[in-house]
Structure formats: C-alpha cells, structure tokens
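K.L.:
Have a look at the structure that comes next, please.
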Amino acid sequence: PLTATGREEARKLGKYLARKGRNYDYVFCSTAVRAHTTAQLVLSELERPVEITLRSDLEEMDTGDWTGKHVMELFGPKGCVKTFEFDTRPPNGESFLDSEVRVKNFIENTVLEIHRNERKQAHPRKIRIGVFSHGTLMRAFFKYLTGFNSRTLFTFGISNTAEVRFSYKPSLEGNFVWSMTKFNSAPHIDLDFPTSKL
C-alpha cells in the first residue's frame, strides 16, 4: 500500500493537474495496488475524473525468483548473477526486453488504436491518455518512443508521482511522430497544497 507520503504526493499531483486544467479521456493503470491507489487519488482531484482501466501489461517487470533478494546477494562478489544484460531473464521472471515488448504492444494496440478510432469521427478531438505504471515500464516507454538505448535510460532517475508527458501526431508517411514534452516533472511535491483529505 501507499505510505502517507505517497498518498499526499498523489493528491498534490491531482491538485496541480487540476490547477492546470488537465483532464484525461482515458486512464490505464497497472494492477498493482500502489499504482491503482495513486491513480485514484490523482483522478479524485480532477474536474472530470474518468474510469480507470487496470492492465496487467503495465505491471512492473517481473523479477521472478530474484524478488525480495538484496542486490548484493544477486550481484555482489558471492552473488549468483555473474553478468547482467538487458536480455537477462531471472528464473521464473522476465527481462527488460520482455517488458519492452509489453509496452510496444500496449502503445500500438491500445494507444494508437484509440487515436485511429478518434480520427474516424466527424469531429476528431485531441485525446489525452493517462498511464499509471512503474519505473522500469516508464523506461521501456522512453525506449520505444525516443529510441534511447537501454543503458542510457537506466542512468535517469524517475521520482514517484513525477509527470512524464509525450505527444504524438501522424506523419505524412502514415506513421506517428512522438515528442517528449515533460520528463520527471514534479513541481507539485514542493507546493503547499492543503492535504486535509488524507
């Protein structure tokens, strides 16, 4: 579950987005309790909250038998892992490359499908999609949308409740051109919003 600090930061993010007039048309969220609670708290502050669609493909990377083990137990001098690459798959888990495939499928089969359907309407709207997920999955989003290499992505810190925003538009060739307009943006954390709902 979320800590009191996590709940406060989620509400502050919601209040910040509300002040900016931000609303979402669709919201997709990891099935993890912390991510779902964060999404609920953020959306409760918005003028026009929408239904949250829970998605198992937005869950954090599955570390399988490594889950709960200390990093030194795995990677230290006496650790069981001698080399680690982005295609390394923990026993009964998945690699970073596996999580990238999940993200690619989510973007191509969900996000872009929403866009295609909207463009068929007589008066297409600008669609805003919110995704509440986890650090490793956000890095997989970056890799797919920006082309950054995996090693570079893991040098970036991503704060809890930070906003990361991408926009896209169709190209003349029929593809989609993506741009990142915000990265690890968390001005709400330092703002003095009342948090009486906690």
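By convention here, the chains of the structure tokens are called A, B, ... in the order presented, each chain's residues are numbered starting at 1, and ligands are numbered starting at 1 in the order presented.
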Do a neighbour search on range 10-15 of chain A at 12 Å with only C-alpha atoms, toss out local chain neighbours closer than 3 positions, and write the hits as a PyMOL selection string.
P.N.:
chain A and resi 2-7+18-24+34-49+132+159-163+185-198
K.L.:
Tell me, as JSON, numbers by chain, which residues lie within 10 Å of range 148-152 of chain A, counting only C-alpha atoms; anything in the same chain fewer than 5 positions away does not count.
P.N.:
{"A": [85, 86, 96, 97, 139, 140, 142, 143]}
K.L.:
Can you spit out the residues from that selection as a short mmCIF file (atom, residue, chain, number, x, y, z; two decimals), in the first residue's frame, using all heavy atoms?
P.N.:
data_model
loop_
_atom_site.label_atom_id
_atom_site.label_comp_id
_atom_site.auth_asym_id
_atom_site.auth_seq_id
_atom_site.Cartn_x
_atom_site.Cartn_y
_atom_site.Cartn_z
N GLU A 85 22.65 -8.44 -18.51
CA GLU A 85 22.37 -7.65 -19.69
C GLU A 85 20.87 -7.41 -19.75
O GLU A 85 20.12 -7.97 -18.97
CB GLU A 85 22.86 -8.38 -20.96
CG GLU A 85 24.36 -8.56 -21.02
CD GLU A 85 25.14 -7.25 -21.07
OE1 GLU A 85 24.59 -6.25 -21.56
OE2 GLU A 85 26.29 -7.23 -20.60
N PHE A 86 20.43 -6.61 -20.69
CA PHE A 86 19.02 -6.26 -20.75
C PHE A 86 18.15 -7.40 -21.27
O PHE A 86 16.94 -7.34 -21.17
CB PHE A 86 18.82 -4.97 -21.55
CG PHE A 86 19.43 -3.81 -20.82
CD1 PHE A 86 20.68 -3.34 -21.13
CD2 PHE A 86 18.74 -3.23 -19.77
CE1 PHE A 86 21.25 -2.29 -20.43
CE2 PHE A 86 19.29 -2.17 -19.05
CZ PHE A 86 20.55 -1.71 -19.38
N PHE A 96 14.27 -7.11 -19.18
CA PHE A 96 13.84 -5.76 -19.56
C PHE A 96 13.31 -5.78 -20.99
O PHE A 96 12.33 -5.12 -21.31
CB PHE A 96 15.00 -4.77 -19.44
CG PHE A 96 14.62 -3.38 -19.86
CD1 PHE A 96 13.70 -2.64 -19.13
CD2 PHE A 96 15.18 -2.80 -20.99
CE1 PHE A 96 13.33 -1.35 -19.52
CE2 PHE A 96 14.83 -1.52 -21.38
CZ PHE A 96 13.90 -0.80 -20.64
N LEU A 97 13.93 -6.57 -21.85
CA LEU A 97 13.46 -6.66 -23.24
C LEU A 97 12.04 -7.23 -23.30
O LEU A 97 11.23 -6.82 -24.13
CB LEU A 97 14.41 -7.50 -24.09
CG LEU A 97 15.83 -6.94 -24.26
CD1 LEU A 97 16.63 -7.82 -25.21
CD2 LEU A 97 15.80 -5.51 -24.77
N ARG A 139 10.70 3.44 -18.39
CA ARG A 139 11.92 3.41 -19.20
C ARG A 139 11.67 2.68 -20.52
O ARG A 139 12.19 3.05 -21.56
CB ARG A 139 13.06 2.76 -18.42
CG ARG A 139 13.56 3.64 -17.29
CD ARG A 139 14.66 2.96 -16.47
NE ARG A 139 15.21 3.89 -15.51
CZ ARG A 139 14.73 4.07 -14.28
NH1 ARG A 139 13.68 3.36 -13.86
NH2 ARG A 139 15.28 4.94 -13.47
N ALA A 140 10.86 1.64 -20.47
CA ALA A 140 10.51 0.93 -21.71
C ALA A 140 9.70 1.83 -22.64
O ALA A 140 9.88 1.80 -23.85
CB ALA A 140 9.74 -0.35 -21.39
N PHE A 142 10.05 5.11 -22.76
CA PHE A 142 11.04 6.03 -23.33
C PHE A 142 11.77 5.39 -24.50
O PHE A 142 11.99 6.00 -25.53
CB PHE A 142 12.08 6.44 -22.29
CG PHE A 142 11.56 7.24 -21.16
CD1 PHE A 142 12.14 7.13 -19.91
CD2 PHE A 142 10.50 8.10 -21.32
CE1 PHE A 142 11.66 7.86 -18.84
CE2 PHE A 142 10.01 8.84 -20.26
CZ PHE A 142 10.59 8.72 -19.02
N LYS A 143 12.20 4.14 -24.29
CA LYS A 143 12.98 3.48 -25.33
C LYS A 143 12.18 3.36 -26.61
O LYS A 143 12.66 3.65 -27.70
CB LYS A 143 13.47 2.11 -24.86
CG LYS A 143 14.35 1.45 -25.91
CD LYS A 143 15.04 0.23 -25.41
CE LYS A 143 15.96 -0.31 -26.50
NZ LYS A 143 16.52 -1.59 -26.12
#
K.L.:
Can you pull out every residue within 12 Å of Leu145 in chain A, counting only C-alpha atoms, but drop anything in the same chain fewer than 2 positions away, and send it as a PyMOL selection string?
P.N.:
chain A and resi 100+103-104+107-108+138-143+147-149+165-168+176-180
K.L.:
Could the residues in this selection be saved with C-alpha atoms as a tab-separated table (two decimals), in the first residue's frame?
P.N.:
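What ended up in result-v3.tsv:
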chain	number	residue	atom	x	y	z
A	100	GLU	CA	9.66	-3.58	-23.69
A	103	VAL	CA	4.95	-1.66	-23.73
A	104	LYS	CA	5.28	-1.80	-27.52
A	107	ILE	CA	1.18	1.54	-27.42
A	108	GLU	CA	0.49	0.03	-30.82
A	138	MET	CA	8.39	4.05	-17.96
A	139	ARG	CA	11.92	3.41	-19.20
A	140	ALA	CA	10.51	0.93	-21.71
A	141	PHE	CA	8.09	3.65	-22.87
A	142	PHE	CA	11.04	6.03	-23.33
A	143	LYS	CA	12.98	3.48	-25.33
A	147	GLY	CA	14.93	5.40	-29.44
A	148	PHE	CA	17.28	5.92	-26.44
A	149	ASN	CA	19.41	2.90	-25.69
A	165	ARG	CA	4.40	13.57	-21.00
A	166	PHE	CA	4.63	12.53	-24.63
A	167	SER	CA	2.69	13.89	-27.55
A	168	TYR	CA	2.31	12.43	-31.00
A	176	PHE	CA	3.38	8.61	-35.74
A	177	VAL	CA	5.95	11.17	-34.70
A	178	TRP	CA	6.49	11.29	-30.94
A	179	SER	CA	7.98	14.05	-28.82
A	180	MET	CA	8.67	14.17	-25.10
K.L.:
Within 12 Å of Asp57 in chain A, counting only C-alpha atoms, which residues show up once you throw out same-chain ones fewer than 4 positions away? Write them as a ChimeraX atom specification, please.
P.N.:
/A:28-32,53,61-62,98-107,109-110,131-134,137,140
K.L.:
Could you save those same residues with N, CA, C and O atoms as a CSV table (one decimal), in the first residue's frame?
P.N.:
chain,number,residue,atom,x,y,z
A,28,PHE,N,-5.2,4.4,-18.0
A,28,PHE,CA,-4.8,3.0,-17.9
A,28,PHE,C,-3.8,2.9,-16.8
A,28,PHE,O,-3.0,3.7,-16.6
A,29,CYS,N,-3.9,1.8,-16.0
A,29,CYS,CA,-3.1,1.7,-14.8
A,29,CYS,C,-2.7,0.2,-14.6
A,29,CYS,O,-3.4,-0.7,-14.9
A,30,SER,N,-1.5,0.1,-14.0
A,30,SER,CA,-1.0,-1.2,-13.6
A,30,SER,C,-2.0,-1.8,-12.5
A,30,SER,O,-2.7,-1.0,-11.8
A,31,THR,N,-2.1,-3.1,-12.4
A,31,THR,CA,-2.9,-3.7,-11.5
A,31,THR,C,-2.4,-3.6,-10.0
A,31,THR,O,-3.0,-4.0,-9.1
A,32,ALA,N,-1.1,-3.2,-9.9
A,32,ALA,CA,-0.5,-3.1,-8.6
A,32,ALA,C,-1.3,-2.1,-7.7
A,32,ALA,O,-1.7,-1.1,-8.2
A,53,THR,N,-8.9,1.9,-16.2
A,53,THR,CA,-8.8,0.6,-16.8
A,53,THR,C,-7.5,-0.1,-16.3
A,53,THR,O,-6.4,0.4,-16.6
A,61,MET,N,8.3,-4.9,-14.1
A,61,MET,CA,9.0,-6.0,-14.7
A,61,MET,C,9.0,-7.1,-13.6
A,61,MET,O,9.3,-6.9,-12.4
A,62,ASP,N,8.7,-8.3,-14.0
A,62,ASP,CA,8.6,-9.5,-13.1
A,62,ASP,C,10.0,-10.0,-12.9
A,62,ASP,O,10.6,-10.6,-13.8
A,98,ASP,N,11.7,-8.2,-22.4
A,98,ASP,CA,10.3,-8.7,-22.3
A,98,ASP,C,9.4,-7.6,-22.0
A,98,ASP,O,8.3,-7.5,-22.6
A,99,SER,N,9.7,-6.7,-21.0
A,99,SER,CA,8.8,-5.7,-20.6
A,99,SER,C,8.7,-4.6,-21.7
A,99,SER,O,7.6,-4.0,-21.9
A,100,GLU,N,9.7,-4.5,-22.5
A,100,GLU,CA,9.7,-3.6,-23.7
A,100,GLU,C,8.6,-4.1,-24.7
A,100,GLU,O,7.9,-3.3,-25.3
A,101,VAL,N,8.5,-5.4,-24.9
A,101,VAL,CA,7.6,-5.9,-25.8
A,101,VAL,C,6.1,-5.6,-25.3
A,101,VAL,O,5.3,-5.3,-26.1
A,102,ARG,N,5.9,-5.8,-24.0
A,102,ARG,CA,4.6,-5.4,-23.4
A,102,ARG,C,4.2,-4.0,-23.7
A,102,ARG,O,3.1,-3.7,-24.1
A,103,VAL,N,5.2,-3.1,-23.5
A,103,VAL,CA,4.9,-1.7,-23.7
A,103,VAL,C,4.7,-1.4,-25.2
A,103,VAL,O,3.7,-0.6,-25.6
A,104,LYS,N,5.5,-2.0,-26.1
A,104,LYS,CA,5.3,-1.8,-27.5
A,104,LYS,C,3.9,-2.2,-27.9
A,104,LYS,O,3.2,-1.5,-28.6
A,105,ASN,N,3.4,-3.4,-27.4
A,105,ASN,CA,2.1,-3.9,-27.8
A,105,ASN,C,1.0,-3.0,-27.2
A,105,ASN,O,0.0,-2.7,-27.9
A,106,PHE,N,1.2,-2.5,-26.0
A,106,PHE,CA,0.2,-1.5,-25.4
A,106,PHE,C,0.1,-0.3,-26.2
A,106,PHE,O,-1.0,0.2,-26.5
A,107,ILE,N,1.2,0.3,-26.6
A,107,ILE,CA,1.2,1.5,-27.4
A,107,ILE,C,0.5,1.3,-28.8
A,107,ILE,O,-0.4,2.0,-29.2
A,109,ASN,N,-1.3,-1.3,-29.9
A,109,ASN,CA,-2.7,-1.9,-29.9
A,109,ASN,C,-3.7,-1.2,-29.1
A,109,ASN,O,-4.9,-1.5,-29.3
A,110,THR,N,-3.3,-0.3,-28.2
A,110,THR,CA,-4.3,0.4,-27.4
A,110,THR,C,-4.2,1.9,-27.7
A,110,THR,O,-5.2,2.5,-28.1
A,131,VAL,N,-1.4,7.2,-18.1
A,131,VAL,CA,-0.9,5.9,-17.8
A,131,VAL,C,-0.2,5.9,-16.4
A,131,VAL,O,0.7,6.8,-16.2
A,132,PHE,N,-0.6,5.1,-15.5
A,132,PHE,CA,0.0,5.0,-14.2
A,132,PHE,C,0.7,3.6,-14.1
A,132,PHE,O,0.0,2.6,-14.1
A,133,SER,N,2.0,3.7,-14.0
A,133,SER,CA,2.8,2.4,-14.1
A,133,SER,C,4.0,2.5,-13.1
A,133,SER,O,3.9,3.1,-12.1
A,134,HIS,N,5.1,2.0,-13.6
A,134,HIS,CA,6.3,1.8,-12.7
A,134,HIS,C,7.5,2.3,-13.4
A,134,HIS,O,7.6,2.4,-14.7
A,137,LEU,N,8.9,0.2,-16.4
A,137,LEU,CA,8.0,0.3,-17.6
A,137,LEU,C,8.1,1.6,-18.2
A,137,LEU,O,8.0,1.8,-19.4
A,140,ALA,N,10.9,1.6,-20.5
A,140,ALA,CA,10.5,0.9,-21.7
A,140,ALA,C,9.7,1.8,-22.6
A,140,ALA,O,9.9,1.8,-23.9
K.L.:
Just the residues within 8 Å of Asp25 in chain A, please, counting only C-alpha atoms, with nothing from its chain fewer than 4 positions along; format it as a PyMOL selection string.
P.N.:
chain A and resi 50+127-130
